[in-house]
Structures are given as structure tokens and as C-alpha cells.
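*Asks:* One structure coming up, written as C-alpha cells, with questions to follow.
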Amino acid sequence: MKKYAIGIDLGGTKILTALVDRQTGEVVDYVKKKTKKEKGADNIIRKITESINELLDNNNLKQEEISSIGIGAAGQNDREKCNLIAAPNLDCYNLNFREKLSPNFNIPIFLGNDVEIAAIGEMKFGAAKGYDDFVCIFVGTGVGSTIVKDGKIITGATGTAGEIGHVIVDLNGRQCACGAHGCLEAYASRSAIEKRIEGALKKGRKSCILEYLEPGKAITSSMIHKSIERGDELVTQCVTEASEYLSGGIASIINFINPKLIVLGGGLIDAVDFFYQHTIKKARSKSLPVPAEKIEFKKAALGDFSGVIGAAFLEDRKI
Ligand SMILES: [Zn+2]
């Protein structure tokens, strides 16, 4: 077995590329670049190529010493063809990584989605180590999840299983980016909380979050955290509301799949402990009594690196 693999977490704002030791899961070195999706798919491929070359050069490694390049991207993937079919938050459609990268790299290339690679990372070296049956849920701009059963990721008939963000929690509810109404993501994501806070501020509600806001910049998880710590009524109310919806979605998963463990991660979970604690307490109380008694909850343990570590192990997946 070759010692190293390259793991890439391709997100809407940044591309994180890491050299990962496949024995220990250690991130030996990494390169972070801005995605700048408005510059198109070729620019993304160029940045990925540069990042890999930088890692090889800086660590005196040759291509032959790398076992694979694993890429995780938020979107619908054809894993077999290594084709990113549609990724609205990257403005990428039909981007075939194998075709685009293989002229420069004679290394096997694999593709997965962003939550899938994070779940693999957590399963190998993080919060889900030692568990075969669990669900990973990441709350950020959206809400995504991955289902692991008997140590294998459940991808579903079209590879899109685990879309908890599009579980419908209100039939006549808010419009979701996917086109449907009332999806969990429109209530429980950081973006949803942001919209609620902004809407209330426009109506004249007072909040200490105003002290942290900068014109044209988004509300961050850290601003939400600081406001809750200060006992801010509006922010606490919006976060509690999001948590109520998220706990409903999680209770449905507990009743439907009956996993041993639920791992919660993402910026909002990391930064706002109140959101995590309130969500798991309510999820337990909303679940059926038998699974509720046994279900375990953990916070994701690998932070920003869970994705790149997991991507370095995509090669082990049976397609
Ligand atoms: Zn939706």
C-alpha cells in the first residue's frame, strides 16, 4: 500500500487540498485556495492542479508515490465516471474530473460528495471511529447528511440518498433552493437563521448582532455564538426555532433508520454549543421511546479536515 493520498474538499468558497498519510489519517501538508466559482470550471481545475503540484514539490514526492486523488464536491455526482453532474453552488455542470485531471496526473481519481467524504473521515479517525451504523449530519449553508450501514455508505438508486436537507417539514412552507416548499434546509441551516435575523432587523427588532455586522457581509456562526453568549433575545429565538426544526428532522431519521449514532458537524454546530445541545435534547424527546433511549450523539471531531481526510480514502469505496 502506498503511504500517501491526495484529498480535496471542493466547496463554494474554498478548495482545500491535502496530502494525507493513509496509515495514520494525518494531514501532512495542505494548500487552501479560493474557489472563485464565477471564473468557471477550468479555473477550478487549474487551481486543483496547482495545489497538487505544490504539495508534491514541497514534500519531495513523485506522482508514483501517491495512491489516489479523492475529490469531494457538494452536488450530484456520477461516482463511476467521476463526473460532477450538477453543483449549483459551484456553478459547475458536467465537470468530469478524470478527463480534466488525467492529462497531468497518472494517478487514479475518485469523486464523492462533500458530506460523504466528511463521514468517511469521521468513520476512519473521528467521532464515528468504531461505529458501523451511523448518520452524519452537517449544518452550514445547507443541511446535508450521509447514512452509513454496516460500514458502507448508502448511496441509493441514483446516488443521492441522505438528502435530509430536502425532507419536507412544512407542506406549505418556505421556498427551498431546490424548488420545493418547506424543506428542512429552509428552516435549519445557517442561511435560514441568517434570513430570519435579517428579516427581523429590517422590521426594527433590536439585537446586539448589529455590532458585529459589516455591510455586504454574511452573518457568521461566530457572530451568532457571541450574540447568544450575551443573551441576545432575537438571535436566541431564531436559533432555537431552527433547532426545533432540525430536531424534528433528526427524530424522523432516528425513527426511520434507527442508527446507533448521530454525528453532528459543520460551522454552526462547532461554534454554537447551545444549538447542538438544544437540538440533541429535543431530537431525543421527539423520537419513539425505544430508539430514543439508545441513540448516541457526538459532535464531529476532525473540524475542517474531516473532508480531505475522508477524500483520501474514497479509493477504498466499492463503486
Ligand atoms: Zn429542498
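Ligands are numbered from 1 in the order shown, chains are lettered A, B, ... in the order of the C-alpha cells, and residues start at 1 in each chain.
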Can you tell me which residues surround Asp232 (chain A) at a distance of at most 12 Å, considering only C-alpha atoms, apart from same-chain residues fewer than 2 positions away, and format the answer as a VMD selection string?
*Replies:* chain A and resid 197 205 to 211 223 to 230 234 to 240
*Asks:* Can you tell me which residues sit at most 7 Å away from ligand 1, counting only C-alpha atoms and all ligand atoms, written as a PDB file with C-alpha atoms, in the first residue's frame?
*Replies:*
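Output (part-v4.pdb):
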```
ATOM      1  CA  GLY A 165     -31.972  18.943   3.885  1.00  0.00           C
ATOM      2  CA  HIS A 166     -34.823  18.268   1.479  1.00  0.00           C
ATOM      3  CA  CYS A 176     -36.210  25.966  -0.861  1.00  0.00           C
ATOM      4  CA  ALA A 177     -33.321  26.412  -3.330  1.00  0.00           C
ATOM      5  CA  CYS A 178     -34.284  23.002  -4.815  1.00  0.00           C
ATOM      6  CA  GLY A 179     -37.628  24.399  -5.960  1.00  0.00           C
ATOM      7  CA  ALA A 180     -39.835  22.619  -3.413  1.00  0.00           C
ATOM      8  CA  HIS A 181     -41.563  24.207  -0.438  1.00  0.00           C
ATOM      9  CA  CYS A 183     -37.641  21.651   3.069  1.00  0.00           C
ATOM     10  CA  GLU A 185     -32.808  23.253   4.856  1.00  0.00           C
TER      11      GLU A 185
END
```
*Asks:* Can you list, as a short mmCIF file (atom, residue, chain, number, x, y, z; two decimals) with C-alpha atoms, in the first residue's frame, every residue of region 26-252 of chain A that DSSP puts in alpha helix (DSSP H)?
*Replies:*
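out-v4.cif, freshly written:
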```cif
data_model
loop_
_atom_site.label_atom_id
_atom_site.label_comp_id
_atom_site.auth_asym_id
_atom_site.auth_seq_id
_atom_site.Cartn_x
_atom_site.Cartn_y
_atom_site.Cartn_z
CA ALA A 41 -14.82 25.20 -14.16
CA ASP A 42 -11.45 25.41 -15.96
CA ASN A 43 -10.24 27.80 -13.28
CA ILE A 44 -11.22 25.26 -10.59
CA ILE A 45 -9.30 22.52 -12.43
CA ARG A 46 -6.27 24.82 -12.75
CA LYS A 47 -6.33 25.58 -9.00
CA ILE A 48 -6.63 21.89 -8.12
CA THR A 49 -3.72 21.07 -10.46
CA GLU A 50 -1.57 23.81 -8.91
CA SER A 51 -2.43 22.70 -5.37
CA ILE A 52 -1.48 19.07 -6.05
CA ASN A 53 1.79 20.11 -7.70
CA GLU A 54 2.62 22.40 -4.77
CA LEU A 55 2.06 19.56 -2.30
CA LEU A 56 4.22 17.16 -4.32
CA ASP A 57 7.04 19.71 -4.72
CA ASN A 58 7.00 20.92 -1.10
CA PHE A 97 -12.54 15.31 -13.09
CA ARG A 98 -10.99 12.16 -14.53
CA GLU A 99 -10.90 13.60 -18.05
CA LYS A 100 -9.68 17.00 -16.91
CA LEU A 101 -7.00 15.89 -14.44
CA ASP A 114 -18.89 16.78 0.44
CA VAL A 115 -20.83 15.18 3.29
CA GLU A 116 -19.81 11.68 2.18
CA ILE A 117 -16.09 12.48 2.45
CA ALA A 118 -16.61 14.11 5.85
CA ALA A 119 -18.45 10.97 7.03
CA ILE A 120 -15.61 8.73 5.80
CA GLY A 121 -13.10 10.93 7.66
CA GLU A 122 -15.17 10.78 10.87
CA MET A 123 -15.62 7.00 10.49
CA LYS A 124 -11.90 6.34 9.97
CA PHE A 125 -10.36 8.72 12.50
CA GLU A 185 -32.81 23.25 4.86
CA ALA A 186 -35.02 26.34 4.52
CA TYR A 187 -35.55 26.26 8.32
CA ALA A 188 -32.50 24.74 9.98
CA ARG A 190 -27.17 28.77 8.92
CA SER A 191 -28.51 30.59 5.84
CA ALA A 192 -32.07 30.11 7.11
CA ILE A 193 -31.15 31.56 10.51
CA GLU A 194 -29.40 34.43 8.77
CA LYS A 195 -32.53 35.26 6.74
CA ARG A 196 -34.72 35.18 9.87
CA ILE A 197 -32.37 37.52 11.75
CA GLU A 198 -32.04 39.92 8.80
CA GLY A 199 -35.82 39.96 8.29
CA ALA A 200 -36.41 40.82 11.94
CA LEU A 201 -33.73 43.53 11.93
CA LYS A 202 -35.37 45.14 8.89
CA SER A 221 -21.59 31.26 13.04
CA SER A 222 -19.16 33.12 15.29
CA MET A 223 -21.38 36.26 15.34
CA ILE A 224 -24.34 34.05 16.25
CA HIS A 225 -22.28 32.45 19.03
CA LYS A 226 -21.21 35.80 20.52
CA SER A 227 -24.79 37.14 20.45
CA ILE A 228 -26.18 34.09 22.24
CA GLU A 229 -23.42 34.29 24.86
CA GLU A 233 -33.21 37.65 22.59
CA LEU A 234 -33.65 37.81 18.81
CA VAL A 235 -30.67 35.61 17.91
CA THR A 236 -31.55 33.07 20.62
CA GLN A 237 -35.12 32.96 19.32
CA CYS A 238 -34.06 32.39 15.67
CA VAL A 239 -31.50 29.71 16.63
CA THR A 240 -34.00 27.95 18.90
CA GLU A 241 -36.56 27.91 16.08
CA ALA A 242 -34.00 26.40 13.65
CA SER A 243 -33.02 23.85 16.29
CA GLU A 244 -36.66 22.81 16.78
CA TYR A 245 -36.96 22.06 13.05
CA LEU A 246 -33.59 20.29 12.91
CA SER A 247 -34.51 18.14 15.91
CA GLY A 248 -37.75 17.16 14.13
CA GLY A 249 -35.73 16.08 11.08
CA ILE A 250 -33.28 14.13 13.25
CA ALA A 251 -36.11 12.44 15.20
CA SER A 252 -37.56 11.29 11.85
#
```
*Asks:* With region 129-132 of chain A as the partner and 12 Å as the cut-off, tabulate the residues of region 152-253 of chain A that qualify, each row holding the nearest pair of atoms and their distance in Å to one decimal, using only C-alpha atoms, sorted by chain and rising number, as a Markdown table.
*Replies:*
```
| residue | atom | partner | partner_atom | distance |
| --- | --- | --- | --- | --- |
| A:Lys152 | CA | A:Asp132 | CA | 7.8 |
| A:Ile153 | CA | A:Asp132 | CA | 9.9 |
| A:Ile154 | CA | A:Asp132 | CA | 11.9 |
```
*Asks:* Please provide as an MDAnalysis selection string all residues within 9 Å of Cys136 (chain A), with the sequence filter that same-chain residues fewer than 3 positions apart are discarded (counting only C-alpha atoms).
*Replies:* chainID A and resid 115:116 118:119 122 128 144:148 261:265 300
*Asks:* Based on the backbone DSSP call, show me all residues of region 215-282 of chain A assigned strand (DSSP E or B), as a list of chain:residue names.
*Replies:*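 Written out, the strand (DSSP E or B) residues of region 215-282 of chain A are A:Leu261, A:Ile262, A:Val263, A:Leu264, A:Gly265.
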*Asks:* Compare A:Tyr4, A:Phe313, A:Tyr30, A:Phe134 by their minimum atom-to-atom distance to Lys298 (chain A), counting only C-alpha atoms, and give me the closest one.
*Replies:*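 Smallest distance to Lys298 (chain A) is found for A:Phe134.
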*Asks:* Which value, in Å to one decimal, gives the distance between CA of Glu38 (chain A) and CA of Asn83 (chain A)?
*Replies:*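 Calculated distance between CA of Glu38 (chain A) and CA of Asn83 (chain A) is 19.7 Å.
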